[in-house]
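Colleague: My questions will all concern the structure given below.
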Protein chains: 4
Amino acid sequence: MPARRSDPAAPRELRARGLATRERLLDAGATVFAQRGVHAARVDDIVKVAATSHGTFYLYFANKEELFHALAEQVAGELEALAGRLPPLTPDPAGVAALDAWMREFGALYARTGPVIRAWTETEMVATAMGRLGTVVWAAFTNALVERIRATGADGIDPVMAALALVAMIERANYYVLTGQVPAPDGTLPATLARVTHGAVFGGA
Amino acid sequence: MPARRSDPAAPRELRARGLATRERLLDAGATVFAQRGVHAARVDDIVKVAATSHGTFYLYFANKEELFHALAEQVAGELEALAGRLPPLTPDPAGVAALDAWMREFGALYARTGPVIRAWTETEMVATAMGRLGTVVWAAFTNALVERIRATGADGIDPVMAALALVAMIERANYYVLTGQVPAPDGTLPATLARVTHGAVFGGA
Amino acid sequence: MPARRSDPAAPRELRARGLATRERLLDAGATVFAQRGVHAARVDDIVKVAATSHGTFYLYFANKEELFHALAEQVAGELEALAGRLPPLTPDPAGVAALDAWMREFGALYARTGPVIRAWTETEMVATAMGRLGTVVWAAFTNALVERIRATGADGIDPVMAALALVAMIERANYYVLTGQVPAPDGTLPATLARVTHGAVFGGA
Amino acid sequence: MPARRSDPAAPRELRARGLATRERLLDAGATVFAQRGVHAARVDDIVKVAATSHGTFYLYFANKEELFHALAEQVAGELEALAGRLPPLTPDPAGVAALDAWMREFGALYARTGPVIRAWTETEMVATAMGRLGTVVWAAFTNALVERIRATGADGIDPVMAALALVAMIERANYYVLTGQVPAPDGTLPATLARVTHGAVFGGA
DNA sequence: TATGAATGAGATTTCATTCAT
DNA sequence: AATGAATGAAATCTCATTCAT
């Protein structure tokens with residue numbers, strides 16, 4: 001049986017050099033992606049930044065989407081870990097403080113990985129692998145919040161819906177500030193997000 | 001050699017038939033943008049939906065971007081009008097009810113014009129005309145909220161930042177629901193958004 | 001929306017194969033321009049003659065105009081060299097003979113590069129880069145002639161204007177003959193041009 | 001036999017209004033043609049200048065080429081008349097003076113109709129109607145000159161070839177000056193052309 | 001493992017010409 | 001006699017992906 005030309009980017013054993021090249025491509029992807037957005041990013045841009053060639057790109061990734069996917073997997077892991085660290089919600093000032101600290105963490109992570117995160121959304125079609133990944137990660141976030149809200153025993157509010165709304169807020173507000181669409185004095189954003197979230201959960205009491 | 005174009009799609013006097021065609025193209029644009037997203041939409045799709053020819057398209061718009069811009073201007077007007085109708089915020093249940101009604105209105109408008117609205121953000125680069133348009137409209141929204149928050153005399157919260165966060169939430173939550181990224185029992189979303197917004201403003205008291 | 005091109009056909013380091021392809025495209029360009037004229041020539045024709053693809057064309061030239069420009073630079077060099085070889089004008093028969101030899105050279109060069117030369121003029125608008133290139137080369141020619149005419153001490157004639165007229169004659173007459181607009185028994189043209197030029201300079205004496 | 005839709009621009013009986021429109025289109029053609037060159041001129045430009053519509057254009061001319069042809073016929077008539085007025089060539093100063101006067105006439109005509117004249121040449125392909133027209137007119141010119149040269153009894157020069165060269169010179173030199181490719185103090189050009197022509201015919205003697 | 005070169009399908013845009021009123 | 005609108009064939013240009021060395 002004549003072996004078909006070996007599948008381009010089928011996972012192979014990589015030696016040190018290969019791993020380094022792959023890493024360079026991933027970094028370049030993140031950079032270009034951040035600069036131009038997912039749609040506008042061209043393979044040509046990426047290989048230029050990675051200082052390598054088109055041919056090499058397809059040695060490591062079957063296509064553009066796969067590179068994005070690889071990038072997304074990395075980010076997804078970090079996000080899920082962060083979701084796991086969401087503090088318990090208590091009505092006292094300590095509850096606000098804990099939330100505030102967490103919001104700072106989120107902001108830092110978002111600053112580093114925002115472009116990739118946003119790609120999940122830009123890829124509007126939920127049916128794609130990217131879209132599904134986004135859904136999964138967002139679910140982790142939402143579930144963490146839902147759990148905390150339920151634990152407070154707050155009533156008069158749908159915990160799932162509220163969690164969704166708050167997650168949406170946290171992501172988008174960071175996005176606006178990060179892309180400079182609105183100016184934000186340093187540190188005001190996490191504080192505000194913490195306050196609003198807290199108020200949403202205990203405000204009706 | 002590319003003959004210098006004289007003046008493509010320069011605004012002309014249009015008779016009834018021409019106006020109708022232009023309108024058909026705008027509608028088709030909205031449809032296709034909604035289905036495929038702004039980036040993926042091809043002129044070819046649009047003219048197919050409008051049941052006309054490529055040539056005709058360029059009779060009315062210099063390019064895809066211009067059609068999008070025209071669409072955006074329409075939507076921007078509607079959004080600003082809606083922002084102007086934001087009710088006063090009062091701490092009593094009537095305040096929540098008024099907000100709830102407004103959130104329904106927003107949801108309806110968003111369902112109709114969401115793709116165009118989102119494209120403002122997809123077009124991340126703030127420097128572009130599109131980006132500016134988005135900024136301006138968002139400012140109208142935020143300002144309306146800021147004013148209402150200030151009027152409540154609520155302290156301990158930065159009104160501008162809070163308004164920004166809430167606007168972010170309102171837009172994104174609608175987006176998630178609309179694109180089916182999360183399921184939402186009918187009508188729960190506006191209610192939740194109203195509650196969270198209300199809680200954010202009066203929760204700290 | 002037209003993604004901003006990064007840098008099309010930016011001069012790259014080319015290896016042997018690339019250089020060969022580029023050369024093939026230049027040759028094909030010359031051929032097609034000669035057959036169809038510069039305006040009528042389509043990129044499609046050129047790549048067909050060069051036996052390559054559209055994509056490849058744009059790997060080497062940003063557009064048709066740039067290919068033409070590259071071609072023009074080559075020809076301009078040859079023409080300037082030829083201008084430099086214009087013999088001194090002497091009133092005796094040897095002067096005519098020298099001129100005659102030179103006219104033959106011109107004819108040969110023109111036969112090879114005529115279409116490109118003529119395109120400078122077709123591109124009537126003097127303001128363009130192309131137009132300027134034509135002007136510069138023609139100036140080299142004219143200056144060479146002016147110098148020779150002045151050296152003869154011939155009076156009663158404006159050397160600059162006379163040179164211009166003679167250059168015009170030499171170019172156009174070759175053009176008429178080359179395009180078959182007039183039939184010319186072999187070799188009559190250079191002889192006649194030499195005679196007329198000679199007569200123009202010494203005829204008034 | 002069902003009458004076919006009457007041939008668009010078949011010569012029809014035109015009333016005053018129709019004639020005026022046709023005239024306006026011809027004038028507009030000349031204008032646009034002069035501004036942009038034959039190739040770049042678009043029907044759209046012409047009808048804009050003529051302040052009429054596309055539909056109307058095709059009421060009077062079957063296509064763009066036909067308009068140019070009509071324009072050319074006008075000019076051709078004037079050129080042939082001018083050729084007929086070429087003075088006899090005499091070796092004395094009076095011969096130069098007569099030539100000089102004639103060159104002035106040519107210059108004036110060329111200034112008015114140059115763009116159309118040049119179109120004959122731009123339309124390089126001799127096979128076209130336009131190309132043939134050019135040939136015929138140029139032949140008239142050349143023949144007039146040939147006759148005059150023969151009449152002088154000058155020998156050592158091929159009259160046909162010399163005439164061709166001189167006609168080429170006269171046309172192109174005027175072209176260079178008219179398009180501003182070379183600066184010419186007022187009136188120097190005709191004088192120089194007269195001198196060179198005269199020298200060419202009698203110089204060898 | 002790397003890469004320069006090539007490819008071609010697909011998207012955009014132009015403009016002479018025709019149509020319907 | 002006039003015109004606004006429509007058409008579609010052709011041309012240009014882009015870029016993800018594959019090939020050959």
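The chains in the structure tokens are called A, B, ... from first to last as shown; in each chain the residues are counted from 1, and the ligands are counted from 1 in the order shown.
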On all C-alpha atoms matched in order, how well does chain C superpose onto chain D? Give the RMSD in Å.

Modeller: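 That comparison of chain D with chain C gives 2.2 Å.
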
Colleague: Enumerate, in order of chain and increasing residue number, the residues of chain F with an atom no farther than 12 Å from chain D, each with its shortest atom pair and distance in Å to one decimal, counting only C-alpha atoms (C1' of nucleotides), as CSV.

Modeller:
```
residue,atom,partner,partner_atom,distance
F:DA1,C1',D:Gly18,CA,7.3
F:DA2,C1',D:Thr56,CA,6.3
F:DT3,C1',D:Ser53,CA,5.9
F:DG4,C1',D:Ser53,CA,8.1
F:DA5,C1',D:Gly55,CA,10.3
F:DA6,C1',D:Gly55,CA,12.0
```

Colleague: Any chance you could export the current selection's N, CA and C atoms (P, O5', C5', C4', C3', O3' and C1' of nucleotides) as a compact mmCIF listing (two decimals), in the first residue's frame?

Modeller:
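Saved the output as again_3.txt:
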```txt
# COMPACT_ATOMS: atom_id res chain seq x y z
P DA F 1 -35.44 62.94 -33.15
O5' DA F 1 -35.46 63.06 -31.57
C5' DA F 1 -35.85 64.29 -30.99
C4' DA F 1 -35.66 64.23 -29.50
C3' DA F 1 -34.24 63.88 -29.07
O3' DA F 1 -33.83 64.90 -28.19
C1' DA F 1 -35.80 62.47 -27.97
P DA F 2 -32.49 64.70 -27.40
O5' DA F 2 -33.03 63.86 -26.16
C5' DA F 2 -34.03 64.47 -25.33
C4' DA F 2 -34.14 63.69 -24.06
C3' DA F 2 -32.80 63.32 -23.42
O3' DA F 2 -32.76 63.95 -22.15
C1' DA F 2 -34.27 61.47 -23.48
P DT F 3 -31.40 63.86 -21.32
O5' DT F 3 -31.75 62.62 -20.39
C5' DT F 3 -32.93 62.69 -19.60
C4' DT F 3 -33.10 61.39 -18.86
C3' DT F 3 -31.78 60.85 -18.28
O3' DT F 3 -31.96 60.52 -16.94
C1' DT F 3 -32.94 59.15 -19.39
P DG F 4 -31.01 61.09 -15.89
O5' DG F 4 -31.35 60.07 -14.72
C5' DG F 4 -32.72 59.91 -14.36
C4' DG F 4 -32.99 58.48 -14.00
C3' DG F 4 -31.99 57.86 -13.03
O3' DG F 4 -32.75 57.12 -12.09
C1' DG F 4 -32.10 56.55 -15.01
P DA F 5 -32.03 56.31 -10.96
O5' DA F 5 -31.96 54.85 -11.62
C5' DA F 5 -33.19 54.22 -11.96
C4' DA F 5 -32.92 52.85 -12.54
C3' DA F 5 -32.00 51.97 -11.70
O3' DA F 5 -32.71 50.78 -11.42
C1' DA F 5 -31.31 51.98 -13.99
P DA F 6 -31.98 49.65 -10.61
O5' DA F 6 -31.40 48.72 -11.76
C5' DA F 6 -32.32 48.22 -12.71
C4' DA F 6 -31.57 47.34 -13.70
C3' DA F 6 -30.64 46.32 -13.04
O3' DA F 6 -31.02 45.03 -13.51
C1' DA F 6 -29.51 47.53 -14.74
```

Colleague: Residues near Glu80 of chain D, anyone? I mean within 12 Å using only C-alpha atoms (C1' of nucleotides), not counting same-chain ones fewer than 6 positions away, as a list in words.

Modeller: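 Near Glu80 of chain D, the qualifying residues are Glu73, Gln74, Leu86, Phe106, Leu109, Leu133, Gly134, Thr135, Val136, Val137, Trp138, Ala139, Ala140, Phe141, Thr142, Asn143 and Ala144 of chain D.
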
Colleague: Give the alpha helix (DSSP H) residues of chain C, as DSSP finds them on the backbone, and put them as a VMD selection string.

Modeller: chain C and resid 16 to 36 43 to 49 54 to 60 64 to 84 93 to 122 129 to 152 159 to 178 188 to 202

Colleague: When the cut-off is 6 Å and we count only C-alpha atoms, which residues of chain D are near chain C, given as a list in words?

Modeller: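 That gives the following set of residues: Ala162, Ala165, Ala168, Met169, Arg172, Ala173, Thr192, Val196, Gly199, Ala200, Gly203 and Gly204 of chain D.
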